[in-house]
There are 2 protein chains.
Amino acid sequence: MSSLSTQPEFSPRQNAVLDSALRLLVDGGERALTTAGVARAANCSKESLYKWFGDRDGILSAMIGYQASKVRTLDERAETLTVDSLRAHLVVFARDLLDVLSGDVSLALNRLAIGQASRDGSHLGQMLQERGRRQIGKRAGGLLDAGRRAGLLRFDNGEEAYGMLYGLVVTDLHLRMLLGEDMKLTKQDFSRRAERAVDAFLDLCGTKKETAKP
Amino acid sequence: MSSLSTQPEFSPRQNAVLDSALRLLVDGGERALTTAGVARAANCSKESLYKWFGDRDGILSAMIGYQASKVRTLDERAETLTVDSLRAHLVVFARDLLDVLSGDVSLALNRLAIGQASRDGSHLGQMLQERGRRQIGKRAGGLLDAGRRAGLLRFDNGEEAYGMLYGLVVTDLHLRMLLGEDMKLTKQDFSRRAERAVDAFLDLCGTKKETAKP
DNA sequence: CCAAAAAAGTACCGTACGGTACGGTTCTGG
DNA sequence: CCAGAACCGTACCGTACGGTACTTTTTTGG
């Protein structure tokens with residue numbers, strides 16, 4: 001496929017079209033994402049769509065690739081970690097994770113990929129997985145490894161440790177959001193949730209007790 | 001709506017039709033779930049479908065309700081809990097949870113509801129949530145409360161404790177399965193995963209150390 | 001055994017959508 | 001300034017699907 005690192009991706013005009021398509025998907029669901037609709041919303045012709053992206057599935061793939069290219073996860077700066085700064089970094093990560101997962105575009109794209117998961121090859125799910133989770137998982141992995149190297153964390157398997165952190169932070173929130181549950185109230189609670197989850201994670205994998213929490 | 005407790009639900013014939021529809025959905029995705037297809041698979045007429053279920057959405061709702069009515073979660077028997085028996089019960093629960101979430105029908109229905117989540121009211125997600133999570137969450141809640149009453153568990157909020165257990169057990173497995181990731185290898189690991197998750201949960205919320213684990 | 005109700009089978013209708021074709025318009029490069 | 005390419009707008013085609021109508025068969029109940 002076309003998953004090599006450095007890639008021209010798409011032209012600015014095509015990116016603008018993909019933006020329109022994402023907008024359309026976010027506030028209309030997959031049913032609103034018709035080729036005619038995308039063409040109308042982006043002021044381009046259907047013929048151009050098919051020339052650029054091949055077919056409808058090509059448009060969907062391009063949307064996922066484009067969105068992933070926009071959300072670049074910053075590399076955590078290597079730093080002398082203390083118990084408290086590690087906790088702070090983990091809390092920020094957890095908070096960011098919740099913000100990303102609850103974002104309009106993320107939810108819409110996940111719904112789209114899940115809806116297509118039953119069809120044939122449908123690499124959309126795999127794409128979302130590779131481009132999304134791998135990326136943010138790498139950020140977490142770096143943080144966890146740094147913590148372990150600093151003697152602040154203790155775990156055998158990095159993947160498993162990341163799984164614990166992820167589970168404690170997200171629980172079933174992602175699924176409930178994907179199912180359409182109203183999350184206005186829960187979103188106000190993301191910071192507290194992130195802190196509690198990180199505290200629990202440190203209880204499990206931390207080597208030292210962090211400073212007293214209220 | 002029609003969510004009162006004691007309800008005749010549907011006739012045996014209609015349940016058979018819903019079975020066919022579920023089968024169709026499982027191995028064809030939503031696109032295979034056409035009214036004509038359901039009628040053909042169930043040897044009934046489209047007219048009967050519309051008389052019984054109103055419209056296509058009515059069929060979808062009925063499918064969820066029917067499936068939920070089949071998966072009755074057994075009430076955990078009240079018993080004198082020891083540290084080890086509590087752990088054993090929790091492991092069984094965790095294992096059951098993984099089995100349910102990874103089931104063909106569960107995945108297909110969740111994909112269906114998620115796909116419809118963007119459309120208008122679309123109570124499908126809410127239905128799945130009410131009928132599914134509430135049910136299994138109640139079983140876990142009973143178990144956790146019993147553990148607390150026996151002085152074996154310590155937590156402030158039952159919902160939060162259940163969230164921890166759920167997160168540790170499931171992590172992002174559910175999403176990955178919904179996205180279509182191949183889970184053949186992971187499924188063989190469910191038992192070990194359940195045990196590790198329960199051990200972590202007991203580290204967090206348990207009051208006593210369970211007997212040594214290998 | 002028979003009439004009435006229910007359901008099966010089929011044919012039909014309107015619409016929506018993916019994909020293509022084509023004439024007119026704008027952009028580009030020499 | 002001009003030729004050619006890229007692109008827009010629109011019209012068109014085939015198909016698939018949700019929903020309805022109608023005829024024939026099966027079931028039901030007295």
# chains A, B, ... in the order shown; residues from 1 in each chain; ligands from 1
>>> closest_atom_pairs(of="chain C", to="chain B", cutoff="9 Å", atoms="only C-alpha atoms (C1' of nucleotides)", output="tab-separated table")
residue	atom	partner	partner_atom	distance
C:DA7	C1'	B:Ser48	CA	6.9
C:DA8	C1'	B:Ser45	CA	5.6
C:DG9	C1'	B:Ser45	CA	7.0
>>> residues_around(residues="DA3 (chain D)", least_positions_apart="6", cutoff="12 Å", atoms="only C-alpha atoms (C1' of nucleotides)", output="NGL selection string")
:C and (28-30)
>>> interface_residues(of="chain B", to="chain D", cutoff="8 Å", atoms="only C-alpha atoms (C1' of nucleotides)", output="list in words")
Thr34, Thr35 and Arg56 of chain B
>>> residues_around(residues="Asp182 (chain B)", least_positions_apart="4", cutoff="12 Å", atoms="only C-alpha atoms (C1' of nucleotides)", output="list in words")
Ala117, Ser118, Gly121, Gly125 and Gln126 of chain A; Ser102, Leu173, His174, Leu175, Arg176, Met177, Leu178, Thr186 and Lys187 of chain B
>>> calpha_fit_rmsd(fixed="chain B", moving="chain A")
0.1 Å
>>> atom_distance(atom1="CA of Ser69 (chain A)", atom2="CA of Ala140 (chain A)")
18.8 Å
